[in-house]
Amino acid sequence: GELFCGNDGGFITHDVNGFFRDHSKGLNIGQYYKVNFADLYNVDTDLIIGGTQDNGGQILKNRIWKNWHGADGMDCAIGSGNEGLIYGLMQHGDKLFYGRDLGEYYGGSIQKPVDEKNSLWVVASDINGKDEMYVGYDALYKANIASGKFEKLHDFGATIYSFIIDDNNDNIIYALVTTDSNVTSYESMLFKSIDGGKTFNVFHDDADPIEEMELSQDGSNTIWFITQTRNGDEKLYKANTTGQTASGVTLVSNNLPKNINVIKHQPYSNNLFL
């Protein structure tokens, strides 16, 4: 028989005579770890950026995909300013790439902080309203393009699984932090900063570990999060974000599929995508 193999390198066959053949040429395919869009206030909402296995960072402009950095592409972001800044991370956050004019010009890269020895395969990141990129390891950092270095803001001493900067206020940041690097701990909780990430306080500590979160970016003051019980059941909650701690925590659904990896809210609507 003949072996057909679809993998992160393309589409390969292995025939009865022991020969491999690569059928990938001309195929517009890729394995994406993360994709991101121009933010709510960007005039060009058709821009899409993504990070791919083995094929680096990709950006979609005018309905054409273009590669703008090499290595493995992970989390990424598009700025909203006239400079056209874009960002992309490689595996373990070992390097942060940045480009200008929406990838027409390669800007350079910033190396991972030397203090961060162990990190997730896909580290967390987000961009603020000034087009400054933040990256989360065990500590939260802000990338300084001028100096080519990361500026440490707050050290949790535990893995930042994800974080979100409020599009309406750069000073407000929510972070989901877990106590071990492989994100299997039953000690994960939500933190909130009101000073741009310099200090954090516990926003919500649920009885069950918090797996994912999403923040409304339309001024509706809502955060959603998913918890997982010890027997694997997942529950979706929402809460009000106006205070320093969560209020009005409400169960939205306890009838969810397993292993939800993403929550996304459609601004100015009640639509939530899992």
# chains A, B, ... in the order shown; residues from 1 in each chain; ligands from 1
$ residues_around --residues "Thr229 of chain A" --least-positions-apart "6" --cutoff "9 Å" --atoms "only C-alpha atoms" --output "ChimeraX atom specification"
/A:207-209,235
$ residues_around --residues "Gly57 of chain A" --least-positions-apart "4" --cutoff "9 Å" --atoms "only C-alpha atoms" --output "list of chain:residue names"
A:Ile49, A:Gly50, A:Gly51, A:Thr52, A:Lys66, A:Asn67, A:Trp68, A:His69, A:Gly70, A:Ala71, A:Asp72, A:Gly73, A:Met74, A:Cys76, A:Tyr87, A:Gly88, A:Leu89, A:Met90, A:Phe97
$ write_last_selection --atoms "all heavy atoms" --output "compact mmCIF listing (two decimals), in the first residue's frame"
# COMPACT_ATOMS: atom_id res chain seq x y z
N ILE A 49 -3.21 38.43 10.90
CA ILE A 49 -1.83 38.01 11.12
C ILE A 49 -1.87 36.65 11.81
O ILE A 49 -2.81 36.34 12.54
CB ILE A 49 -1.06 39.05 11.97
CG1 ILE A 49 0.45 38.80 11.92
CG2 ILE A 49 -1.58 39.11 13.39
CD1 ILE A 49 1.26 39.93 12.52
N GLY A 50 -0.86 35.82 11.53
CA GLY A 50 -0.85 34.49 12.12
C GLY A 50 0.56 33.96 12.31
O GLY A 50 1.50 34.40 11.66
N GLY A 51 0.69 33.00 13.23
CA GLY A 51 1.96 32.33 13.46
C GLY A 51 1.84 30.86 13.12
O GLY A 51 0.91 30.18 13.57
N THR A 52 2.77 30.35 12.31
CA THR A 52 2.66 28.99 11.80
C THR A 52 3.88 28.13 12.17
O THR A 52 4.99 28.62 12.28
CB THR A 52 2.53 28.98 10.27
OG1 THR A 52 3.71 29.56 9.69
CG2 THR A 52 1.32 29.77 9.82
N LYS A 66 1.43 36.90 3.07
CA LYS A 66 2.86 37.16 2.91
C LYS A 66 3.60 36.71 4.17
O LYS A 66 3.16 36.97 5.29
CB LYS A 66 3.10 38.66 2.68
CG LYS A 66 4.59 39.02 2.60
CD LYS A 66 4.80 40.51 2.45
CE LYS A 66 6.29 40.85 2.43
NZ LYS A 66 6.51 42.30 2.29
N ASN A 67 4.72 36.03 3.96
CA ASN A 67 5.57 35.65 5.09
C ASN A 67 6.46 36.83 5.47
O ASN A 67 7.09 37.44 4.62
CB ASN A 67 6.44 34.46 4.71
CG ASN A 67 7.45 34.11 5.80
OD1 ASN A 67 8.59 34.52 5.73
ND2 ASN A 67 7.02 33.37 6.78
N TRP A 68 6.51 37.16 6.77
CA TRP A 68 7.31 38.32 7.16
C TRP A 68 8.39 38.00 8.19
O TRP A 68 9.27 38.81 8.44
CB TRP A 68 6.41 39.45 7.66
CG TRP A 68 5.78 39.23 9.00
CD1 TRP A 68 4.63 38.54 9.27
CD2 TRP A 68 6.25 39.71 10.26
NE1 TRP A 68 4.37 38.54 10.62
CE2 TRP A 68 5.35 39.26 11.25
CE3 TRP A 68 7.35 40.47 10.65
CZ2 TRP A 68 5.51 39.54 12.61
CZ3 TRP A 68 7.51 40.75 12.01
CH2 TRP A 68 6.59 40.29 12.95
N HIS A 69 8.37 36.81 8.81
CA HIS A 69 9.50 36.38 9.64
C HIS A 69 9.59 34.86 9.62
O HIS A 69 8.62 34.17 9.34
CB HIS A 69 9.42 36.94 11.07
CG HIS A 69 8.46 36.22 11.98
ND1 HIS A 69 8.73 34.99 12.55
CD2 HIS A 69 7.24 36.59 12.46
CE1 HIS A 69 7.72 34.62 13.33
NE2 HIS A 69 6.80 35.57 13.29
N GLY A 70 10.78 34.35 9.93
CA GLY A 70 11.02 32.92 9.86
C GLY A 70 10.80 32.21 11.18
O GLY A 70 10.14 32.70 12.08
N ALA A 71 11.39 31.01 11.30
CA ALA A 71 11.29 30.15 12.49
C ALA A 71 9.84 29.67 12.65
O ALA A 71 9.06 29.68 11.71
CB ALA A 71 11.79 30.87 13.74
N ASP A 72 9.50 29.22 13.85
CA ASP A 72 8.11 28.88 14.17
C ASP A 72 7.40 30.16 14.59
O ASP A 72 7.92 30.94 15.39
CB ASP A 72 8.03 27.87 15.31
CG ASP A 72 8.46 26.48 14.88
OD1 ASP A 72 8.33 26.16 13.69
OD2 ASP A 72 8.93 25.72 15.74
N GLY A 73 6.22 30.37 14.06
CA GLY A 73 5.42 31.53 14.44
C GLY A 73 4.42 31.16 15.51
O GLY A 73 3.77 30.11 15.43
N MET A 74 4.28 32.01 16.50
CA MET A 74 3.35 31.76 17.61
C MET A 74 2.36 32.92 17.73
O MET A 74 1.76 33.32 16.76
CB MET A 74 4.14 31.53 18.91
CG MET A 74 5.12 30.38 18.83
SD MET A 74 4.27 28.79 18.79
CE MET A 74 5.57 27.73 18.17
N CYS A 76 0.85 36.72 18.03
CA CYS A 76 1.19 37.82 17.15
C CYS A 76 0.17 38.94 17.33
O CYS A 76 -0.88 38.76 17.94
CB CYS A 76 1.19 37.34 15.70
SG CYS A 76 -0.24 36.31 15.28
N TYR A 87 3.85 42.44 15.23
CA TYR A 87 4.70 41.67 16.13
C TYR A 87 4.42 40.18 15.95
O TYR A 87 3.29 39.78 15.64
CB TYR A 87 4.43 42.04 17.58
CG TYR A 87 4.75 43.45 17.97
CD1 TYR A 87 3.76 44.44 17.92
CD2 TYR A 87 6.02 43.81 18.41
CE1 TYR A 87 4.04 45.75 18.31
CE2 TYR A 87 6.31 45.12 18.80
CZ TYR A 87 5.31 46.08 18.74
OH TYR A 87 5.59 47.36 19.12
N GLY A 88 5.45 39.37 16.19
CA GLY A 88 5.28 37.93 16.18
C GLY A 88 6.31 37.26 17.07
O GLY A 88 7.48 37.66 17.09
N LEU A 89 5.90 36.26 17.80
CA LEU A 89 6.79 35.52 18.70
C LEU A 89 7.14 34.16 18.11
O LEU A 89 6.35 33.58 17.36
CB LEU A 89 6.12 35.32 20.07
CG LEU A 89 6.06 36.56 20.97
CD1 LEU A 89 4.87 36.48 21.90
CD2 LEU A 89 7.36 36.70 21.76
N MET A 90 8.31 33.64 18.48
CA MET A 90 8.66 32.27 18.13
C MET A 90 8.45 31.37 19.36
O MET A 90 8.02 31.85 20.41
CB MET A 90 10.10 32.19 17.62
CG MET A 90 11.18 32.54 18.62
SD MET A 90 12.85 32.48 17.89
CE MET A 90 13.00 30.71 17.53
N PHE A 97 9.77 39.13 17.16
CA PHE A 97 10.04 39.83 15.90
C PHE A 97 9.10 41.03 15.77
O PHE A 97 7.96 40.98 16.24
CB PHE A 97 9.82 38.90 14.71
CG PHE A 97 10.65 37.65 14.72
CD1 PHE A 97 10.14 36.46 15.23
CD2 PHE A 97 11.94 37.65 14.22
CE1 PHE A 97 10.90 35.29 15.24
CE2 PHE A 97 12.71 36.49 14.22
CZ PHE A 97 12.19 35.32 14.74
$ atom_distance --atom1 "atom CA of Ile165 of chain A" --atom2 "atom CA of Asn128 of chain A"
6.3 Å
$ residues_around --residues "Ile127 of chain A" --least-positions-apart "3" --cutoff "10 Å" --atoms "only C-alpha atoms" --output "mmCIF file with N, CA and C atoms, in the first residue's frame"
data_model
loop_
_atom_site.group_PDB
_atom_site.id
_atom_site.type_symbol
_atom_site.label_atom_id
_atom_site.label_comp_id
_atom_site.auth_asym_id
_atom_site.auth_seq_id
_atom_site.Cartn_x
_atom_site.Cartn_y
_atom_site.Cartn_z
ATOM 1 N N ASP A 39 -7.310 45.479 15.560
ATOM 2 C CA ASP A 39 -8.206 45.654 16.692
ATOM 3 C C ASP A 39 -9.460 46.435 16.318
ATOM 4 N N CYS A 76 0.854 36.718 18.033
ATOM 5 C CA CYS A 76 1.187 37.821 17.148
ATOM 6 C C CYS A 76 0.173 38.942 17.328
ATOM 7 N N ALA A 77 0.487 40.128 16.783
ATOM 8 C CA ALA A 77 -0.410 41.267 16.938
ATOM 9 C C ALA A 77 -0.182 42.284 15.834
ATOM 10 N N ILE A 78 -1.239 43.046 15.533
ATOM 11 C CA ILE A 78 -1.198 44.128 14.556
ATOM 12 C C ILE A 78 -1.448 45.447 15.276
ATOM 13 N N GLY A 79 -0.578 46.420 15.075
ATOM 14 C CA GLY A 79 -0.782 47.731 15.654
ATOM 15 C C GLY A 79 -1.831 48.520 14.885
ATOM 16 N N SER A 80 -2.312 49.597 15.497
ATOM 17 C CA SER A 80 -3.364 50.399 14.867
ATOM 18 C C SER A 80 -2.870 51.763 14.420
ATOM 19 N N ILE A 86 3.837 45.533 13.395
ATOM 20 C CA ILE A 86 3.313 44.189 13.635
ATOM 21 C C ILE A 86 4.337 43.429 14.469
ATOM 22 N N TYR A 87 3.847 42.445 15.228
ATOM 23 C CA TYR A 87 4.704 41.669 16.126
ATOM 24 C C TYR A 87 4.418 40.181 15.951
ATOM 25 N N LYS A 130 -0.941 52.046 22.402
ATOM 26 C CA LYS A 130 0.216 52.761 21.867
ATOM 27 C C LYS A 130 1.063 51.864 20.962
ATOM 28 N N ASP A 131 0.526 50.718 20.614
ATOM 29 C CA ASP A 131 1.217 49.723 19.783
ATOM 30 C C ASP A 131 2.464 49.175 20.460
ATOM 31 N N GLU A 132 2.447 49.104 21.795
ATOM 32 C CA GLU A 132 3.544 48.499 22.557
ATOM 33 C C GLU A 132 3.164 47.059 22.883
ATOM 34 N N MET A 133 4.102 46.147 22.647
ATOM 35 C CA MET A 133 3.843 44.723 22.828
ATOM 36 C C MET A 133 4.233 44.280 24.233
ATOM 37 N N TYR A 134 3.320 43.563 24.891
ATOM 38 C CA TYR A 134 3.563 42.970 26.205
ATOM 39 C C TYR A 134 3.651 41.456 26.041
ATOM 40 N N VAL A 135 4.573 40.839 26.780
ATOM 41 C CA VAL A 135 4.757 39.389 26.707
ATOM 42 C C VAL A 135 4.814 38.827 28.121
ATOM 43 N N LYS A 142 7.280 44.440 28.961
ATOM 44 C CA LYS A 142 6.920 45.295 27.837
ATOM 45 C C LYS A 142 8.134 45.410 26.919
ATOM 46 N N ALA A 143 7.918 45.214 25.625
ATOM 47 C CA ALA A 143 9.009 45.293 24.659
ATOM 48 C C ALA A 143 9.353 46.749 24.373
ATOM 49 N N ILE A 164 -4.872 39.892 29.095
ATOM 50 C CA ILE A 164 -5.585 40.754 28.173
ATOM 51 C C ILE A 164 -5.459 42.196 28.651
ATOM 52 N N ILE A 165 -5.068 43.091 27.732
ATOM 53 C CA ILE A 165 -5.051 44.522 28.003
ATOM 54 C C ILE A 165 -6.377 45.105 27.523
ATOM 55 N N ASP A 166 -7.011 45.903 28.363
ATOM 56 C CA ASP A 166 -8.283 46.526 28.015
ATOM 57 C C ASP A 166 -8.066 47.528 26.875
ATOM 58 N N ASP A 167 -8.772 47.343 25.761
ATOM 59 C CA ASP A 167 -8.629 48.248 24.618
ATOM 60 C C ASP A 167 -9.053 49.678 24.946
ATOM 61 N N ASP A 170 -5.378 51.360 28.713
ATOM 62 C CA ASP A 170 -4.127 50.593 28.744
ATOM 63 C C ASP A 170 -3.664 50.252 30.150
#
$ select_by_dssp --residues "segment 3-34 of chain A" --states "strand (DSSP E or B)" --output "list in words"
Leu3, Phe4, Cys5, Gly6, Asn7, Gly10, Phe11, Ile12, Thr13, His14, Phe20, Arg21, Asp22, Tyr32, Tyr33 and Lys34 of chain A
$ residues_around --residues "segment 113-125 of chain A" --least-positions-apart "2" --cutoff "9 Å" --atoms "only C-alpha atoms" --output "PyMOL selection string"
chain A and resi 33-34+74-77+89-94+110-111+127+133-139+141+149-152+159-164+181-183
$ atom_distance --atom1 "atom CA of Gly219 of chain A" --atom2 "atom CA of Thr178 of chain A"
27.5 Å
$ residues_around --residues "Met189 of chain A" --least-positions-apart "2" --cutoff "8 Å" --atoms "only C-alpha atoms" --output "PyMOL selection string"
chain A and resi 176-178+187+191+202-206+209-210
$ residues_around --residues "Ser216 of chain A" --least-positions-apart "4" --cutoff "8 Å" --atoms "only C-alpha atoms" --output "NGL selection string"
:A and (220-223 or 265 or 267)
$ closest_residue --among "A:Gln58, A:Ser24, A:Gln31, A:Ser247" --to "Ile12 of chain A" --atoms "only C-alpha atoms"
A:Ser24
$ residues_around --residues "segment 14-16 of chain A" --least-positions-apart "4" --cutoff "10 Å" --atoms "only C-alpha atoms" --output "PDB file with C-alpha atoms, in the first residue's frame"
ATOM      1  CA  GLY A   1       0.000   0.000   0.000  1.00  0.00           C
ATOM      2  CA  GLU A   2       0.882   3.682  -0.130  1.00  0.00           C
ATOM      3  CA  LEU A   3       1.231   5.884   2.947  1.00  0.00           C
ATOM      4  CA  PHE A   4      -0.336   9.339   2.845  1.00  0.00           C
ATOM      5  CA  CYS A   5       0.962  11.799   5.436  1.00  0.00           C
ATOM      6  CA  PHE A  20       8.989   9.555  -0.500  1.00  0.00           C
ATOM      7  CA  ARG A  21       7.341  12.221  -2.628  1.00  0.00           C
ATOM      8  CA  ASP A  22       6.542  15.786  -1.550  1.00  0.00           C
TER       9      ASP A  22
END
$ closest_residue --among "A:Ile173, A:Phe200, A:Asn7, A:Ile260" --to "Thr241 of chain A" --atoms "only C-alpha atoms"
A:Ile173
$ atom_distance --atom1 "atom CA of Leu256 of chain A" --atom2 "atom CA of Asp126 of chain A"
26.8 Å
